[in-house]
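Source file: protein_4.txt; contents: compact mmCIF, C-alpha atoms.
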# COMPACT_ATOMS: atom_id res chain seq x y z
CA MET X 1 17.88 -5.07 25.41
CA ILE X 2 16.62 -8.05 27.39
CA ASP X 3 13.34 -9.54 26.29
CA SER X 4 11.27 -9.34 29.47
CA LYS X 5 8.89 -12.09 28.41
CA TYR X 6 11.66 -14.68 28.31
CA PHE X 7 13.48 -13.16 31.26
CA LEU X 8 10.37 -13.58 33.42
CA LYS X 9 9.79 -17.07 32.10
CA GLY X 10 13.30 -17.98 33.21
CA PHE X 11 12.84 -16.18 36.51
CA ALA X 12 9.69 -18.23 37.18
CA SER X 13 11.79 -21.42 37.21
CA ILE X 14 12.35 -20.94 40.93
CA ARG X 15 8.71 -21.82 41.54
CA GLY X 16 7.04 -25.20 41.45
CA VAL X 17 7.92 -28.79 42.26
CA ARG X 18 11.26 -28.71 40.46
CA SER X 19 12.32 -25.50 42.16
CA PRO X 20 15.98 -25.12 43.14
CA ALA X 21 15.05 -22.54 45.78
CA ILE X 22 14.94 -24.95 48.73
CA ALA X 23 18.30 -26.54 47.91
CA LEU X 24 19.97 -23.23 47.15
CA GLY X 25 18.41 -21.59 50.16
CA ALA X 26 19.47 -24.37 52.53
CA SER X 27 23.06 -24.38 51.38
CA PHE X 28 23.52 -20.64 51.35
CA ILE X 29 21.89 -20.34 54.79
CA ALA X 30 24.60 -22.74 55.94
CA ILE X 31 27.24 -20.63 54.16
CA GLY X 32 25.94 -17.45 55.79
CA ALA X 33 26.19 -19.06 59.22
CA LEU X 34 29.66 -20.43 58.43
CA LEU X 35 30.95 -17.05 57.25
CA LYS X 36 29.69 -15.41 60.41
CA ASN X 37 31.43 -18.03 62.52
CA ILE X 38 34.78 -17.44 60.83
CA GLY X 39 34.57 -13.70 61.42
CA PHE X 40 33.06 -12.16 58.28
CA THR X 41 30.90 -9.05 58.64
CA ILE X 42 27.46 -9.16 57.03
CA GLN X 43 28.66 -6.93 54.20
CA GLU X 44 31.59 -9.23 53.49
CA SER X 45 29.29 -12.26 53.49
CA ILE X 46 26.92 -10.65 50.99
CA PHE X 47 29.87 -9.51 48.90
CA SER X 48 31.25 -13.07 48.89
CA THR X 49 28.06 -14.73 47.60
CA PHE X 50 27.43 -11.83 45.23
CA LEU X 51 30.84 -12.19 43.59
CA THR X 52 31.56 -15.91 43.84
CA TYR X 53 28.16 -17.61 43.69
CA ALA X 54 29.58 -21.13 43.68
CA LEU X 55 29.07 -23.18 46.77
CA PRO X 56 32.10 -25.51 46.80
CA GLY X 57 34.33 -22.50 46.11
CA SER X 58 32.98 -20.61 49.11
CA LEU X 59 33.40 -23.68 51.30
CA VAL X 60 37.00 -24.13 50.22
CA MET X 61 37.62 -20.44 50.85
CA ALA X 62 36.26 -20.75 54.39
CA GLU X 63 38.24 -23.93 55.13
CA SER X 64 41.44 -22.41 53.75
CA MET X 65 41.00 -19.32 55.90
CA ILE X 66 40.49 -21.40 59.03
CA ILE X 67 43.80 -23.20 58.48
CA GLY X 68 45.47 -19.91 57.52
CA ALA X 69 46.37 -20.82 53.93
CA SER X 70 48.26 -18.30 51.79
CA LEU X 71 46.44 -16.31 49.08
CA ILE X 72 48.08 -18.30 46.29
CA ASN X 73 47.01 -21.57 47.93
CA ILE X 74 43.47 -20.28 48.27
CA PHE X 75 43.49 -19.32 44.60
CA ILE X 76 44.68 -22.77 43.51
CA ALA X 77 42.29 -24.66 45.81
CA VAL X 78 39.28 -22.62 44.68
CA TRP X 79 40.27 -22.83 41.03
CA LEU X 80 40.60 -26.62 41.28
CA VAL X 81 37.26 -27.18 42.95
CA ASN X 82 35.50 -24.79 40.56
CA ALA X 83 37.25 -25.87 37.36
CA ARG X 84 34.16 -27.96 36.58
CA LEU X 85 32.57 -24.63 35.63
CA TYR X 86 34.69 -24.64 32.47
CA PRO X 87 33.18 -27.77 30.86
CA MET X 88 29.79 -26.68 32.19
CA THR X 89 30.11 -23.33 30.40
CA VAL X 90 31.40 -24.87 27.18
CA SER X 91 28.53 -27.35 27.14
CA LEU X 92 25.93 -24.63 27.75
CA MET X 93 26.89 -21.41 25.96
CA PRO X 94 26.95 -22.79 22.39
CA LEU X 95 23.28 -23.67 22.93
CA LEU X 96 22.49 -20.05 23.81
CA MET X 97 24.60 -18.20 21.27
CA HIS X 98 22.82 -16.31 18.53
CA LYS X 99 24.31 -13.73 16.21
CA SER X 100 21.52 -11.23 16.88
CA GLN X 101 22.48 -11.04 20.56
CA PRO X 102 25.28 -8.78 21.91
CA LYS X 103 28.34 -10.52 23.35
CA TRP X 104 28.31 -8.71 26.70
CA LYS X 105 25.21 -10.71 27.63
CA TYR X 106 27.20 -13.94 27.42
CA TYR X 107 30.26 -12.65 29.23
CA LEU X 108 28.23 -11.16 32.08
CA SER X 109 25.65 -13.90 32.44
CA CYS X 110 28.30 -16.64 32.63
CA HIS X 111 28.59 -15.54 36.27
CA PHE X 112 25.25 -17.28 36.86
CA ILE X 113 26.60 -20.68 35.85
CA ALA X 114 26.28 -22.93 38.87
CA VAL X 115 25.05 -26.48 39.23
CA SER X 116 21.40 -25.68 39.88
CA SER X 117 20.95 -23.01 37.19
CA TRP X 118 22.88 -25.11 34.69
CA LEU X 119 20.76 -28.20 35.27
CA ILE X 120 17.55 -26.17 34.93
CA MET X 121 18.74 -24.62 31.66
CA LYS X 122 19.83 -28.00 30.29
CA ASP X 123 16.39 -29.34 31.19
CA ASN X 124 14.48 -26.55 29.44
CA TYR X 125 16.48 -25.02 26.59
CA GLU X 126 14.78 -27.03 23.85
CA GLN X 127 11.46 -25.37 24.62
CA ILE X 128 12.84 -21.88 23.92
CA ASN X 129 13.77 -20.63 20.45
CA LYS X 130 17.48 -20.07 20.07
CA GLU X 131 17.36 -16.30 19.77
CA SER X 132 15.60 -15.91 23.14
CA ARG X 133 17.53 -18.52 25.11
CA ILE X 134 20.04 -16.05 26.52
CA ASP X 135 17.26 -13.87 27.98
CA PHE X 136 15.60 -16.95 29.44
CA TRP X 137 18.99 -17.92 30.90
CA ILE X 138 19.53 -14.47 32.44
CA GLY X 139 16.11 -14.86 34.09
CA ILE X 140 17.09 -18.21 35.63
CA GLY X 141 20.44 -16.76 36.66
CA VAL X 142 19.10 -13.65 38.35
CA ALA X 143 16.48 -15.72 40.19
CA THR X 144 18.88 -18.36 41.54
CA TRP X 145 21.57 -15.79 42.33
CA SER X 146 19.07 -13.64 44.27
CA VAL X 147 17.95 -16.66 46.31
CA ALA X 148 21.60 -17.38 47.13
CA ILE X 149 22.34 -13.82 48.29
CA PHE X 150 19.10 -13.54 50.26
CA SER X 151 19.77 -16.89 51.97
CA THR X 152 23.30 -15.87 52.89
CA VAL X 153 21.82 -12.92 54.77
CA ILE X 154 19.25 -15.14 56.50
CA GLY X 155 21.93 -17.65 57.50
CA TYR X 156 24.18 -14.91 58.82
CA LEU X 157 21.43 -13.37 60.92
CA ALA X 158 20.07 -16.71 62.13
CA SER X 159 23.41 -18.36 62.87
CA ASP X 160 22.92 -18.23 66.64
CA PHE X 161 19.73 -20.25 66.31
CA LEU X 162 21.14 -22.91 64.01
CA ASN X 163 22.38 -25.81 66.12
CA GLU X 164 24.45 -28.67 64.77
CA ASP X 165 21.50 -30.96 64.00
CA VAL X 166 19.84 -28.27 61.91
CA LEU X 167 23.07 -27.46 60.07
CA ILE X 168 23.64 -31.14 59.26
CA GLY X 169 20.11 -31.30 57.89
CA LEU X 170 20.80 -28.22 55.76
CA ALA X 171 24.10 -29.66 54.54
CA ILE X 172 22.51 -32.79 53.04
CA ILE X 173 19.79 -30.93 51.09
CA ASN X 174 22.05 -29.68 48.32
CA PRO X 175 23.76 -33.02 47.51
CA ILE X 176 20.34 -34.71 47.54
CA TYR X 177 18.88 -32.10 45.20
CA PHE X 178 21.79 -32.46 42.80
CA THR X 179 21.71 -36.25 42.98
CA CYS X 180 18.00 -36.29 42.09
CA MET X 181 18.50 -33.76 39.28
CA MET X 182 21.36 -35.85 37.87
CA VAL X 183 19.38 -39.10 38.09
CA GLY X 184 16.55 -37.28 36.31
CA ALA X 185 18.96 -36.10 33.58
CA MET X 186 20.02 -39.65 32.68
CA LYS X 187 18.13 -39.80 29.41
CA THR X 188 20.80 -40.94 26.92
CA ILE X 189 23.47 -43.63 27.18
CA LYS X 190 26.20 -41.00 26.99
CA ILE X 191 24.89 -38.85 29.82
CA SER X 192 23.95 -41.84 31.97
CA LEU X 193 27.43 -43.31 31.58
CA SER X 194 29.06 -39.94 32.27
CA ILE X 195 27.12 -39.59 35.50
CA ILE X 196 27.57 -43.18 36.73
CA LEU X 197 31.29 -43.33 35.87
CA GLY X 198 31.86 -39.84 37.31
CA ALA X 199 30.18 -40.82 40.57
CA ILE X 200 32.43 -43.90 40.81
CA LEU X 201 35.72 -42.46 39.58
CA GLY X 202 35.53 -39.13 41.41
CA PRO X 203 35.62 -40.74 44.87
CA ALA X 204 38.00 -43.48 43.59
CA PHE X 205 40.58 -40.87 42.56
CA TYR X 206 40.25 -39.37 46.03
CA PHE X 207 42.69 -42.04 47.19
CA VAL X 208 45.22 -40.76 44.64
CA SER X 209 44.71 -37.04 45.25
CA PRO X 210 41.92 -35.43 47.30
CA GLU X 211 42.49 -32.10 45.52
CA TRP X 212 42.56 -33.33 41.95
CA CYS X 213 40.03 -36.17 42.26
CA ILE X 214 37.07 -34.24 40.84
CA LEU X 215 39.00 -33.10 37.79
CA PHE X 216 40.87 -36.37 37.15
CA GLY X 217 37.87 -38.55 37.88
CA GLY X 218 35.55 -36.30 35.87
CA ILE X 219 37.78 -36.07 32.80
CA THR X 220 38.45 -39.81 32.74
CA ALA X 221 34.79 -40.70 33.24
CA GLY X 222 33.52 -38.15 30.71
CA THR X 223 36.00 -39.19 28.05
CA VAL X 224 35.26 -42.90 28.43
CA ALA X 225 31.50 -42.20 28.35
CA PHE X 226 31.93 -40.02 25.25
CA LEU X 227 33.93 -42.66 23.37
CA ILE X 228 31.52 -45.46 24.24
CA GLY X 229 28.58 -43.22 23.33
CA GLU X 230 30.06 -42.22 19.98
CA ILE X 231 30.68 -45.86 19.02
CA ASN X 232 27.18 -46.73 20.14
CA ASP X 233 25.58 -43.91 18.12
CA LYS X 234 27.16 -45.06 14.87
CA MET V 1 43.34 -17.02 60.07
CA THR V 2 44.09 -15.16 56.87
CA SER V 3 43.87 -11.48 57.64
CA ASN V 4 42.44 -9.54 54.73
CA ILE V 5 38.94 -10.88 54.15
CA VAL V 6 38.11 -8.62 51.21
CA LEU V 7 41.25 -9.70 49.38
CA VAL V 8 40.40 -13.37 49.99
CA ILE V 9 36.89 -12.82 48.62
CA LEU V 10 38.29 -11.13 45.51
CA ILE V 11 40.80 -13.94 44.93
CA THR V 12 38.07 -16.58 45.41
CA SER V 13 35.70 -14.89 43.00
CA PHE V 14 38.44 -14.35 40.44
CA ALA V 15 39.47 -18.03 40.60
CA THR V 16 35.81 -18.94 40.10
CA PHE V 17 34.99 -16.46 37.34
CA LEU V 18 38.09 -17.48 35.39
CA SER V 19 36.63 -20.87 34.43
CA ARG V 20 33.30 -19.32 33.49
CA PHE V 21 34.94 -16.58 31.41
CA LEU V 22 37.29 -18.95 29.58
CA GLY V 23 34.30 -21.19 28.95
CA VAL V 24 32.44 -18.42 27.11
CA LEU V 25 35.59 -17.50 25.20
CA SER V 26 35.96 -21.10 24.01
CA SER V 27 32.25 -21.37 23.25
CA GLU V 28 32.51 -18.69 20.57
CA ASN V 29 34.22 -21.20 18.30
CA ILE V 30 32.30 -24.32 19.27
CA LYS V 31 29.19 -25.40 17.42
CA GLU V 32 26.53 -27.31 19.32
CA THR V 33 26.61 -30.04 16.68
CA SER V 34 30.37 -30.59 16.92
CA LYS V 35 32.18 -33.55 18.41
CA ILE V 36 34.02 -31.33 20.87
CA PHE V 37 30.71 -29.98 22.18
CA ARG V 38 29.44 -33.51 22.74
CA TRP V 39 32.68 -34.38 24.53
CA PHE V 40 32.43 -31.35 26.82
CA ASN V 41 28.84 -32.22 27.52
CA CYS V 42 29.98 -35.60 28.86
CA LEU V 43 32.78 -33.93 30.81
CA ALA V 44 30.36 -31.49 32.43
CA TYR V 45 28.02 -34.24 33.64
CA SER V 46 30.87 -36.49 34.78
CA THR V 47 32.72 -33.78 36.75
CA LEU V 48 29.43 -32.80 38.38
CA ALA V 49 28.74 -36.39 39.32
CA ALA V 50 32.30 -36.70 40.64
CA LEU V 51 31.84 -33.57 42.75
CA ILE V 52 28.52 -34.68 44.22
CA ALA V 53 29.76 -38.21 44.93
CA ARG V 54 32.80 -36.72 46.64
CA ILE V 55 30.61 -34.52 48.82
CA VAL V 56 28.50 -37.50 49.89
CA ILE V 57 31.30 -40.06 50.33
CA PHE V 58 34.18 -37.85 51.52
CA PRO V 59 32.44 -34.77 52.90
CA SER V 60 34.20 -31.96 54.64
CA GLY V 61 32.72 -30.05 57.53
CA LEU V 62 29.59 -31.11 59.36
CA LEU V 63 28.50 -33.94 57.07
CA SER V 64 31.68 -35.82 57.91
CA GLU V 65 30.37 -36.23 61.45
CA VAL V 66 27.49 -38.33 60.18
CA ASP V 67 28.18 -42.04 59.81
CA TYR V 68 29.08 -43.11 56.27
CA PHE V 69 26.38 -45.77 56.28
CA VAL V 70 23.69 -43.28 57.34
CA ARG V 71 24.61 -40.88 54.52
CA ILE V 72 24.35 -43.61 51.89
CA ILE V 73 20.97 -44.80 53.25
CA VAL V 74 19.61 -41.23 53.16
CA VAL V 75 20.75 -40.79 49.54
CA ILE V 76 19.16 -44.07 48.44
CA LEU V 77 15.87 -43.36 50.26
CA SER V 78 15.74 -39.86 48.74
CA ILE V 79 16.27 -41.13 45.20
CA GLY V 80 13.49 -43.63 45.84
CA LEU V 81 11.19 -40.86 47.03
CA PHE V 82 12.12 -38.78 43.97
CA PHE V 83 10.77 -41.53 41.69
CA ILE V 84 7.74 -42.32 43.85
CA THR V 85 6.69 -38.64 43.77
CA LYS V 86 7.09 -38.50 39.97
CA LYS V 87 10.33 -36.53 40.04
CA ASN V 88 9.26 -33.94 42.55
CA LEU V 89 12.37 -32.31 43.99
CA VAL V 90 10.79 -30.65 47.01
CA TYR V 91 9.79 -33.83 48.90
CA PRO V 92 13.13 -35.70 48.69
CA THR V 93 15.18 -32.66 49.71
CA ILE V 94 13.04 -31.83 52.75
CA PHE V 95 12.75 -35.50 53.65
CA SER V 96 16.53 -35.93 53.54
CA ALA V 97 17.14 -32.99 55.88
CA ILE V 98 14.61 -34.20 58.45
CA ILE V 99 15.67 -37.83 58.38
CA LEU V 100 19.38 -36.98 58.62
CA SER V 101 18.80 -34.68 61.58
CA LEU V 102 16.77 -37.42 63.28
CA PHE V 103 19.32 -40.14 62.53
CA ASN V 104 22.04 -37.91 63.83
CA SER V 105 20.22 -37.14 67.06
CA TYR V 106 18.98 -40.61 67.92
CA LEU V 107 21.50 -43.08 66.51
Here is the file; what I need is its structure written in the form of structure tokens.
Amino acid sequence: MIDSKYFLKGFASIRGVRSPAIALGASFIAIGALLKNIGFTIQESIFSTFLTYALPGSLVMAESMIIGASLINIFIAVWLVNARLYPMTVSLMPLLMHKSQPKWKYYLSCHFIAVSSWLIMKDNYEQINKESRIDFWIGIGVATWSVAIFSTVIGYLASDFLNEDVLIGLAIINPIYFTCMMVGAMKTIKISLSIILGAILGPAFYFVSPEWCILFGGITAGTVAFLIGEINDK
Amino acid sequence: MTSNIVLVILITSFATFLSRFLGVLSSENIKETSKIFRWFNCLAYSTLAALIARIVIFPSGLLSEVDYFVRIIVVILSIGLFFITKKNLVYPTIFSAIILSLFNSYL
């Protein structure tokens, strides 16, 4: 059903100098502590990371609950901040699809799409033959997802010992990890432009709309980068 | 405070899974050599960059208590360390956490 050789190869991606474990661990420890502080039980905290597994979404959920937002507002806010998962999925799954593989694998494993797992897969897919990529991906997904759930538990249990200075330190780790991964991914003109323009336009659109800035800024930046890249490639 | 935590978790995860699910659905008809795939590839990287830049420049929560200037310095130093250590990701991440905690305590 799942080729264990490729699964384990994917799973092993959490080791080594390019490991996402520290970044994921740090941010989900912070999430665990945050969820405890806003009144979640440990079961609810585990359940939350288990089902959502997307950091900005969980943060928005927590913030919305603190201000007492309605369910529909929570839905919209989370959907907006996690809408980036749509282009991420569309730019990943076609690379993994193979007619010999059953569809349920794709529909279930899309749950593992998050920034860290996505960047690792994008970095490594060319080394795996197309038929086995989905099993390799499931390996990466299960590994990163497990780290996230485990860290949520640790953060929840350790929350009394995490003072503000430690939490601030934890909070910067994830953006730094992602920034370095993105800088490392700048290998073609198209991707480099997408990243640079996105990093400029995202915050720039914040002055227009804090809620829509990621989507507006991202779509504008990506489209401009794509058009320039296409002309350049010809 | 919103009352029913389990319901909130379910709504949050549904709102998140929706984009992933629709992404797979769309992927069934998209070839990796197509123009639309290349466009979405750019969109994925640009929205990610937008998200990360937003977190660093307009953070919510604890990071917003750190001075803007300090955050930018930490990001630049960490990128520098990333290249010095031949793209090792462990050193810059740990370095950033320590230096930010120190800056925050002593500045």
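Distances from X:Ile29, X:Cys213, X:Val81, X:Leu96 to Leu162 in chain X were compared using only C-alpha atoms, and the smallest one belongs to X:Ile29.
Here CA of Ala171 in chain X and CA of Ala69 in chain X stand 24.0 Å from one another.
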Contacts of Met97 in chain X within 10 Å, only C-alpha atoms, excl. fewer than 4 positions in-chain, as a list in words: Leu92, Met93, Gln101, Pro102, Lys103, Lys105, Tyr106, Lys130, Glu131, Ser132, Arg133 and Ile134 of chain X; Val24, Ser27, Glu28, Lys31 and Glu32 of chain V
Based on the selection just made, write C-alpha atoms of those residues as a tab-separated table (two decimals), in the frame of the given file.
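Dumped everything to result-v8.tsv:
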chain	number	residue	atom	x	y	z
X	92	LEU	CA	25.93	-24.63	27.75
X	93	MET	CA	26.89	-21.41	25.96
X	101	GLN	CA	22.48	-11.04	20.56
X	102	PRO	CA	25.28	-8.78	21.91
X	103	LYS	CA	28.34	-10.52	23.35
X	105	LYS	CA	25.21	-10.71	27.63
X	106	TYR	CA	27.20	-13.94	27.42
X	130	LYS	CA	17.48	-20.07	20.07
X	131	GLU	CA	17.36	-16.30	19.77
X	132	SER	CA	15.60	-15.91	23.14
X	133	ARG	CA	17.53	-18.52	25.11
X	134	ILE	CA	20.04	-16.05	26.52
V	24	VAL	CA	32.44	-18.42	27.11
V	27	SER	CA	32.25	-21.37	23.25
V	28	GLU	CA	32.51	-18.69	20.57
V	31	LYS	CA	29.19	-25.40	17.42
V	32	GLU	CA	26.53	-27.31	19.32
Test item: which residues lie within 9 Å of (30.9, -20.6, 41.1) counting only C-alpha atoms, as a PyMOL selection string: (chain X and resi 51-58+82+85+111-115) or (chain V and resi 13+15-17+19-20)
Within-10 Å shell of (16.2, -41.8, 44.3) in input frame, only C-alpha atoms, as a PyMOL selection string: (chain X and resi 176+179-181+183-184) or (chain V and resi 74-84+87+92)
d(CA of Gly222 in chain X, CA of Ser46 in chain V) in Å: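 These atoms are spaced 5.1 Å apart.
If you count all atoms listed in the file and ignore residues fewer than 6 places along the chain from Arg18 in chain X, what sits within 7 Å of it is V:Asn88, V:Leu89, V:Val90.
Among V:Ala50, V:Leu22, V:Ile72, V:Val8, the residue with the shortest atom-to-atom distance to Phe205 in chain X, counting all atoms listed in the file, is V:Ala50.
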Atom pair CA of Ala97 in chain V / CA of Val166 in chain X: separation (Å): 8.1 Å
Ala49 in chain V surroundings by only C-alpha atoms, 9 Å radius, close-in-sequence under 6 positions cut, as JSON, numbers by chain: {"X": [178, 179, 182, 194, 195, 196, 197, 198, 199, 200, 202, 214, 218]}
Nearest candidate to chain V (options X:Ala83, X:Ala62, X:Ala21, X:Ala143; using all atoms listed in the file):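 Under the stated criterion, the closest residue is X:Ala83.
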Spatial neighbours of Glu63 in chain X, 10 Å, all atoms listed in the file, chain gap at least 5 places, as a VMD selection string: (chain X and resid 34 38 57 to 58 68 to 69 74) or (chain V and resid 1 60 to 61)
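Each of V:Phe103, V:Tyr45, V:Phe95, V:Phe21 was checked against Phe69 in chain V using all atoms listed in the file; the smallest atom-to-atom distance is that of V:Phe103.
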Nearest residue to chain V from the set X:Ser146, X:Thr223, X:Ser117, X:Gln43 (distances using all atoms listed in the file): X:Thr223
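Neighbouring residues of Leu8 in chain X at 9 Å or closer, counting only C-alpha atoms and skipping chain neighbours under 6 positions away, are Asp135, Phe136, Gly139 and Ile140 of chain X.
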Range 58-72 of chain X rebuilt with N, CA and C atoms, output as a PDB file, in the coordinates of the input:
ATOM      1  N   SER X  58      33.102 -21.343  47.849  1.00  0.00           N
ATOM      2  CA  SER X  58      32.980 -20.610  49.110  1.00  0.00           C
ATOM      3  C   SER X  58      33.376 -21.480  50.299  1.00  0.00           C
ATOM      4  N   LEU X  59      33.022 -22.776  50.217  1.00  0.00           N
ATOM      5  CA  LEU X  59      33.400 -23.680  51.300  1.00  0.00           C
ATOM      6  C   LEU X  59      34.909 -23.837  51.400  1.00  0.00           C
ATOM      7  N   VAL X  60      35.546 -23.989  50.234  1.00  0.00           N
ATOM      8  CA  VAL X  60      37.000 -24.130  50.220  1.00  0.00           C
ATOM      9  C   VAL X  60      37.658 -22.859  50.741  1.00  0.00           C
ATOM     10  N   MET X  61      37.100 -21.710  50.351  1.00  0.00           N
ATOM     11  CA  MET X  61      37.620 -20.440  50.850  1.00  0.00           C
ATOM     12  C   MET X  61      37.582 -20.414  52.382  1.00  0.00           C
ATOM     13  N   ALA X  62      36.417 -20.778  52.936  1.00  0.00           N
ATOM     14  CA  ALA X  62      36.260 -20.750  54.390  1.00  0.00           C
ATOM     15  C   ALA X  62      37.231 -21.714  55.071  1.00  0.00           C
ATOM     16  N   GLU X  63      37.326 -22.936  54.521  1.00  0.00           N
ATOM     17  CA  GLU X  63      38.240 -23.930  55.130  1.00  0.00           C
ATOM     18  C   GLU X  63      39.685 -23.457  55.057  1.00  0.00           C
ATOM     19  N   SER X  64      40.060 -22.878  53.902  1.00  0.00           N
ATOM     20  CA  SER X  64      41.440 -22.410  53.750  1.00  0.00           C
ATOM     21  C   SER X  64      41.753 -21.307  54.736  1.00  0.00           C
ATOM     22  N   MET X  65      40.756 -20.428  54.974  1.00  0.00           N
ATOM     23  CA  MET X  65      41.000 -19.320  55.900  1.00  0.00           C
ATOM     24  C   MET X  65      41.173 -19.831  57.324  1.00  0.00           C
ATOM     25  N   ILE X  66      40.390 -20.864  57.668  1.00  0.00           N
ATOM     26  CA  ILE X  66      40.490 -21.400  59.030  1.00  0.00           C
ATOM     27  C   ILE X  66      41.887 -21.955  59.289  1.00  0.00           C
ATOM     28  N   ILE X  67      42.452 -22.646  58.269  1.00  0.00           N
ATOM     29  CA  ILE X  67      43.800 -23.200  58.480  1.00  0.00           C
ATOM     30  C   ILE X  67      44.889 -22.178  58.151  1.00  0.00           C
ATOM     31  N   GLY X  68      44.490 -20.968  57.757  1.00  0.00           N
ATOM     32  CA  GLY X  68      45.470 -19.910  57.520  1.00  0.00           C
ATOM     33  C   GLY X  68      46.293 -20.089  56.256  1.00  0.00           C
ATOM     34  N   ALA X  69      45.656 -20.604  55.194  1.00  0.00           N
ATOM     35  CA  ALA X  69      46.370 -20.820  53.930  1.00  0.00           C
ATOM     36  C   ALA X  69      46.775 -19.487  53.298  1.00  0.00           C
ATOM     37  N   SER X  70      47.822 -19.517  52.470  1.00  0.00           N
ATOM     38  CA  SER X  70      48.260 -18.300  51.790  1.00  0.00           C
ATOM     39  C   SER X  70      47.293 -17.980  50.643  1.00  0.00           C
ATOM     40  N   LEU X  71      47.360 -16.730  50.152  1.00  0.00           N
ATOM     41  CA  LEU X  71      46.440 -16.310  49.080  1.00  0.00           C
ATOM     42  C   LEU X  71      46.609 -17.174  47.839  1.00  0.00           C
ATOM     43  N   ILE X  72      47.849 -17.508  47.503  1.00  0.00           N
ATOM     44  CA  ILE X  72      48.080 -18.300  46.290  1.00  0.00           C
ATOM     45  C   ILE X  72      47.502 -19.702  46.457  1.00  0.00           C
TER      46      ILE X  72
END
